[in-house]
Amino acid sequence: MKLYIIILALVVPLLAQEATNPEDLDSSYDALKTAVEKKDAPAVKKLSALTSEFARKIIAAPDADKDRVQHAKEIDKYAEYALSATAITATDPQTVIDLVETLEQRNPKSEYLGTVITKYTAVQTQGGHPDKGAVLAERIIKVQPSNAEALLIAADYNMSKNRMAPAGTYASRAVDILSKRKGEAGSDALLGHANYIAGVAYGAQTKWPQANQSLQAALPSLKGNPAAQGYALFYLGLANYQLGKLTMNKAQMRQALTYFEQCAAISGPMQGQASQNVGAIRAELR
């Protein structure tokens, strides 16, 4: 019995040492980087899990050196990045879905979820499941309320379902966040889109001052997108007409006329009503 206790006492520390061996972590990390470079999705998924497991054991070790723990945290973060980077470059829809869902399960608060949520939603939408992208976006927002990309996915989805109040709320939150990221790569386009959704949602709710402000900000970013331009110009026309009429400001009503004229020149669902509004406002301004 004493011999068994002695052997056990020797073996347990050895097992603990093996679990937190920095050589295992670094070897797995190197292999993971190679898999990412090769865009080998199955290997990335497997090695990311293994690398994260090694890293977290070191992080959780009670007597771990501070520098070693910091090194492990950085590698654990890279293991998350590896999943997102591979998902972004993947061409197989199921691979994208698998990698993104693996990342979320690993760490729902991962900063890299924001970089892949748009592609994940596009893949799910193409597969006939737009709701799955929206569901993931909602889960991300719960733990990352400042994730602008997830907020925009939720805003888009709610607008597609004609739920204008939540669409406007999500989009407005995205505007607040993206306004602080001006100049960053891709942020200006996202900000324009967020202002567009917010503006149309405000217009649909007859919140004219907010609609006018948001759509004025969005308009420059809508060049080359006639469908969005049509909606934006239509609601700008409505907003300026209503505000001008309320304050008896004929200059603003003439601005509304200009927006409706521009909208009427764009083929789309708002064209017919815009043309009718042009005639009505011209008669009113005579």
# chains A, B, ... in the order shown; residues from 1 in each chain; ligands from 1

call {"tool": "residues_around", "arguments": {"residues": "A:Leu190", "least_positions_apart": "4", "cutoff": "9 Å", "atoms": "only C-alpha atoms", "output": "PyMOL selection string"}}
result
chain A and resi 148-149+152+174-175+178+186+194-195

call {"tool": "write_last_selection", "arguments": {"atoms": "C-alpha atoms", "output": "mmCIF file, in the first residue's frame"}}
result
data_model
loop_
_atom_site.group_PDB
_atom_site.id
_atom_site.type_symbol
_atom_site.label_atom_id
_atom_site.label_comp_id
_atom_site.auth_asym_id
_atom_site.auth_seq_id
_atom_site.Cartn_x
_atom_site.Cartn_y
_atom_site.Cartn_z
ATOM 1 C CA ALA A 148 -21.246 46.716 -34.900
ATOM 2 C CA GLU A 149 -21.180 43.941 -37.495
ATOM 3 C CA LEU A 152 -26.023 45.442 -38.624
ATOM 4 C CA ALA A 174 -24.256 50.512 -34.896
ATOM 5 C CA VAL A 175 -24.038 54.154 -36.039
ATOM 6 C CA LEU A 178 -18.992 53.017 -36.133
ATOM 7 C CA GLY A 186 -14.308 49.122 -44.114
ATOM 8 C CA ALA A 194 -26.086 51.678 -40.728
ATOM 9 C CA ASN A 195 -27.287 55.241 -41.349
#

call {"tool": "atom_distance", "arguments": {"atom1": "atom CA of A:Gly244", "atom2": "atom CA of A:Met159"}}
result
27.3 Å

call {"tool": "closest_residue", "arguments": {"among": "A:Leu83, A:Leu191, A:Ala150, A:Ala265", "to": "A:Asn107", "atoms": "only C-alpha atoms"}}
result
A:Leu83

call {"tool": "closest_residue", "arguments": {"among": "A:Gly133, A:Gly114, A:Pro62, A:Gly237", "to": "A:Trp208", "atoms": "only C-alpha atoms"}}
result
A:Gly237

call {"tool": "closest_residue", "arguments": {"among": "A:Ala201, A:Leu103, A:Glu74, A:Asp24", "to": "A:Ser48", "atoms": "only C-alpha atoms"}}
result
A:Leu103

call {"tool": "residues_around", "arguments": {"residues": "A:Ala155", "least_positions_apart": "6", "cutoff": "6 Å", "atoms": "only C-alpha atoms", "output": "VMD selection string"}}
result
chain A and resid 167 170 to 171

call {"tool": "residues_around", "arguments": {"residues": "A:Gln273", "least_positions_apart": "4", "cutoff": "10 Å", "atoms": "only C-alpha atoms", "output": "list in words"}}
result
Phe234, Phe260, Cys263, Ala264, Pro269, Asn277 and Val278 of chain A

call {"tool": "closest_residue", "arguments": {"among": "A:Ala31, A:Leu285, A:Leu236, A:Ala228", "to": "A:Asn249", "atoms": "only C-alpha atoms"}}
result
A:Leu285

call {"tool": "decode", "arguments": {"residues": "stretch 146-220 of chain A", "atoms": "C-alpha atoms", "output": "PDB file, in the first residue's frame"}}
result
ATOM      1  CA  SER A 146     -20.761  46.885 -29.090  1.00  0.00           C
ATOM      2  CA  ASN A 147     -20.239  44.468 -31.984  1.00  0.00           C
ATOM      3  CA  ALA A 148     -21.246  46.716 -34.900  1.00  0.00           C
ATOM      4  CA  GLU A 149     -21.180  43.941 -37.495  1.00  0.00           C
ATOM      5  CA  ALA A 150     -23.595  41.795 -35.496  1.00  0.00           C
ATOM      6  CA  LEU A 151     -25.831  44.812 -34.867  1.00  0.00           C
ATOM      7  CA  LEU A 152     -26.023  45.442 -38.624  1.00  0.00           C
ATOM      8  CA  ILE A 153     -26.919  41.812 -39.344  1.00  0.00           C
ATOM      9  CA  ALA A 154     -29.740  42.061 -36.809  1.00  0.00           C
ATOM     10  CA  ALA A 155     -30.852  45.411 -38.254  1.00  0.00           C
ATOM     11  CA  ASP A 156     -30.907  44.068 -41.818  1.00  0.00           C
ATOM     12  CA  TYR A 157     -32.850  40.975 -40.811  1.00  0.00           C
ATOM     13  CA  ASN A 158     -35.476  42.930 -38.881  1.00  0.00           C
ATOM     14  CA  MET A 159     -35.895  45.344 -41.789  1.00  0.00           C
ATOM     15  CA  SER A 160     -36.397  42.394 -44.162  1.00  0.00           C
ATOM     16  CA  LYS A 161     -39.236  41.277 -41.866  1.00  0.00           C
ATOM     17  CA  ASN A 162     -40.672  44.827 -41.810  1.00  0.00           C
ATOM     18  CA  ARG A 163     -39.935  45.124 -38.096  1.00  0.00           C
ATOM     19  CA  MET A 164     -38.862  48.742 -38.315  1.00  0.00           C
ATOM     20  CA  ALA A 165     -38.622  49.594 -34.615  1.00  0.00           C
ATOM     21  CA  PRO A 166     -35.973  46.968 -33.737  1.00  0.00           C
ATOM     22  CA  ALA A 167     -34.260  47.507 -37.103  1.00  0.00           C
ATOM     23  CA  GLY A 168     -33.870  51.189 -36.293  1.00  0.00           C
ATOM     24  CA  THR A 169     -32.675  50.500 -32.755  1.00  0.00           C
ATOM     25  CA  TYR A 170     -29.976  48.065 -33.881  1.00  0.00           C
ATOM     26  CA  ALA A 171     -28.875  50.342 -36.719  1.00  0.00           C
ATOM     27  CA  SER A 172     -28.702  53.400 -34.471  1.00  0.00           C
ATOM     28  CA  ARG A 173     -26.518  51.531 -32.014  1.00  0.00           C
ATOM     29  CA  ALA A 174     -24.256  50.512 -34.896  1.00  0.00           C
ATOM     30  CA  VAL A 175     -24.038  54.154 -36.039  1.00  0.00           C
ATOM     31  CA  ASP A 176     -22.886  55.246 -32.570  1.00  0.00           C
ATOM     32  CA  ILE A 177     -20.152  52.600 -32.534  1.00  0.00           C
ATOM     33  CA  LEU A 178     -18.992  53.017 -36.133  1.00  0.00           C
ATOM     34  CA  SER A 179     -18.840  56.809 -35.818  1.00  0.00           C
ATOM     35  CA  LYS A 180     -15.915  56.255 -33.457  1.00  0.00           C
ATOM     36  CA  ARG A 181     -14.181  54.021 -36.015  1.00  0.00           C
ATOM     37  CA  LYS A 182     -14.151  56.489 -38.913  1.00  0.00           C
ATOM     38  CA  GLY A 183     -11.170  56.005 -41.176  1.00  0.00           C
ATOM     39  CA  GLU A 184     -10.656  52.365 -40.239  1.00  0.00           C
ATOM     40  CA  ALA A 185     -10.717  49.900 -43.130  1.00  0.00           C
ATOM     41  CA  GLY A 186     -14.308  49.122 -44.114  1.00  0.00           C
ATOM     42  CA  SER A 187     -15.840  51.199 -41.330  1.00  0.00           C
ATOM     43  CA  ASP A 188     -17.052  54.078 -43.517  1.00  0.00           C
ATOM     44  CA  ALA A 189     -19.060  51.727 -45.754  1.00  0.00           C
ATOM     45  CA  LEU A 190     -20.577  50.044 -42.707  1.00  0.00           C
ATOM     46  CA  LEU A 191     -21.418  53.443 -41.226  1.00  0.00           C
ATOM     47  CA  GLY A 192     -23.178  54.465 -44.432  1.00  0.00           C
ATOM     48  CA  HIS A 193     -25.205  51.256 -44.411  1.00  0.00           C
ATOM     49  CA  ALA A 194     -26.086  51.678 -40.728  1.00  0.00           C
ATOM     50  CA  ASN A 195     -27.287  55.241 -41.349  1.00  0.00           C
ATOM     51  CA  TYR A 196     -29.339  54.014 -44.314  1.00  0.00           C
ATOM     52  CA  ILE A 197     -31.151  51.337 -42.299  1.00  0.00           C
ATOM     53  CA  ALA A 198     -31.707  53.724 -39.401  1.00  0.00           C
ATOM     54  CA  GLY A 199     -33.007  56.439 -41.741  1.00  0.00           C
ATOM     55  CA  VAL A 200     -35.466  54.196 -43.583  1.00  0.00           C
ATOM     56  CA  ALA A 201     -36.644  52.720 -40.280  1.00  0.00           C
ATOM     57  CA  TYR A 202     -37.162  56.201 -38.824  1.00  0.00           C
ATOM     58  CA  GLY A 203     -39.026  57.245 -41.970  1.00  0.00           C
ATOM     59  CA  ALA A 204     -41.320  54.224 -41.773  1.00  0.00           C
ATOM     60  CA  GLN A 205     -42.120  55.265 -38.190  1.00  0.00           C
ATOM     61  CA  THR A 206     -42.716  58.918 -39.241  1.00  0.00           C
ATOM     62  CA  LYS A 207     -39.784  60.115 -37.133  1.00  0.00           C
ATOM     63  CA  TRP A 208     -38.938  62.823 -39.643  1.00  0.00           C
ATOM     64  CA  PRO A 209     -36.050  64.719 -37.996  1.00  0.00           C
ATOM     65  CA  GLN A 210     -34.161  61.486 -37.281  1.00  0.00           C
ATOM     66  CA  ALA A 211     -34.909  60.117 -40.766  1.00  0.00           C
ATOM     67  CA  ASN A 212     -33.659  63.296 -42.402  1.00  0.00           C
ATOM     68  CA  GLN A 213     -30.437  63.337 -40.386  1.00  0.00           C
ATOM     69  CA  SER A 214     -29.625  59.650 -40.890  1.00  0.00           C
ATOM     70  CA  LEU A 215     -30.404  59.569 -44.619  1.00  0.00           C
ATOM     71  CA  GLN A 216     -28.465  62.775 -45.291  1.00  0.00           C
ATOM     72  CA  ALA A 217     -25.461  61.038 -43.729  1.00  0.00           C
ATOM     73  CA  ALA A 218     -26.085  57.817 -45.671  1.00  0.00           C
ATOM     74  CA  LEU A 219     -26.685  59.282 -49.142  1.00  0.00           C
ATOM     75  CA  PRO A 220     -23.029  59.708 -50.265  1.00  0.00           C
TER      76      PRO A 220
END
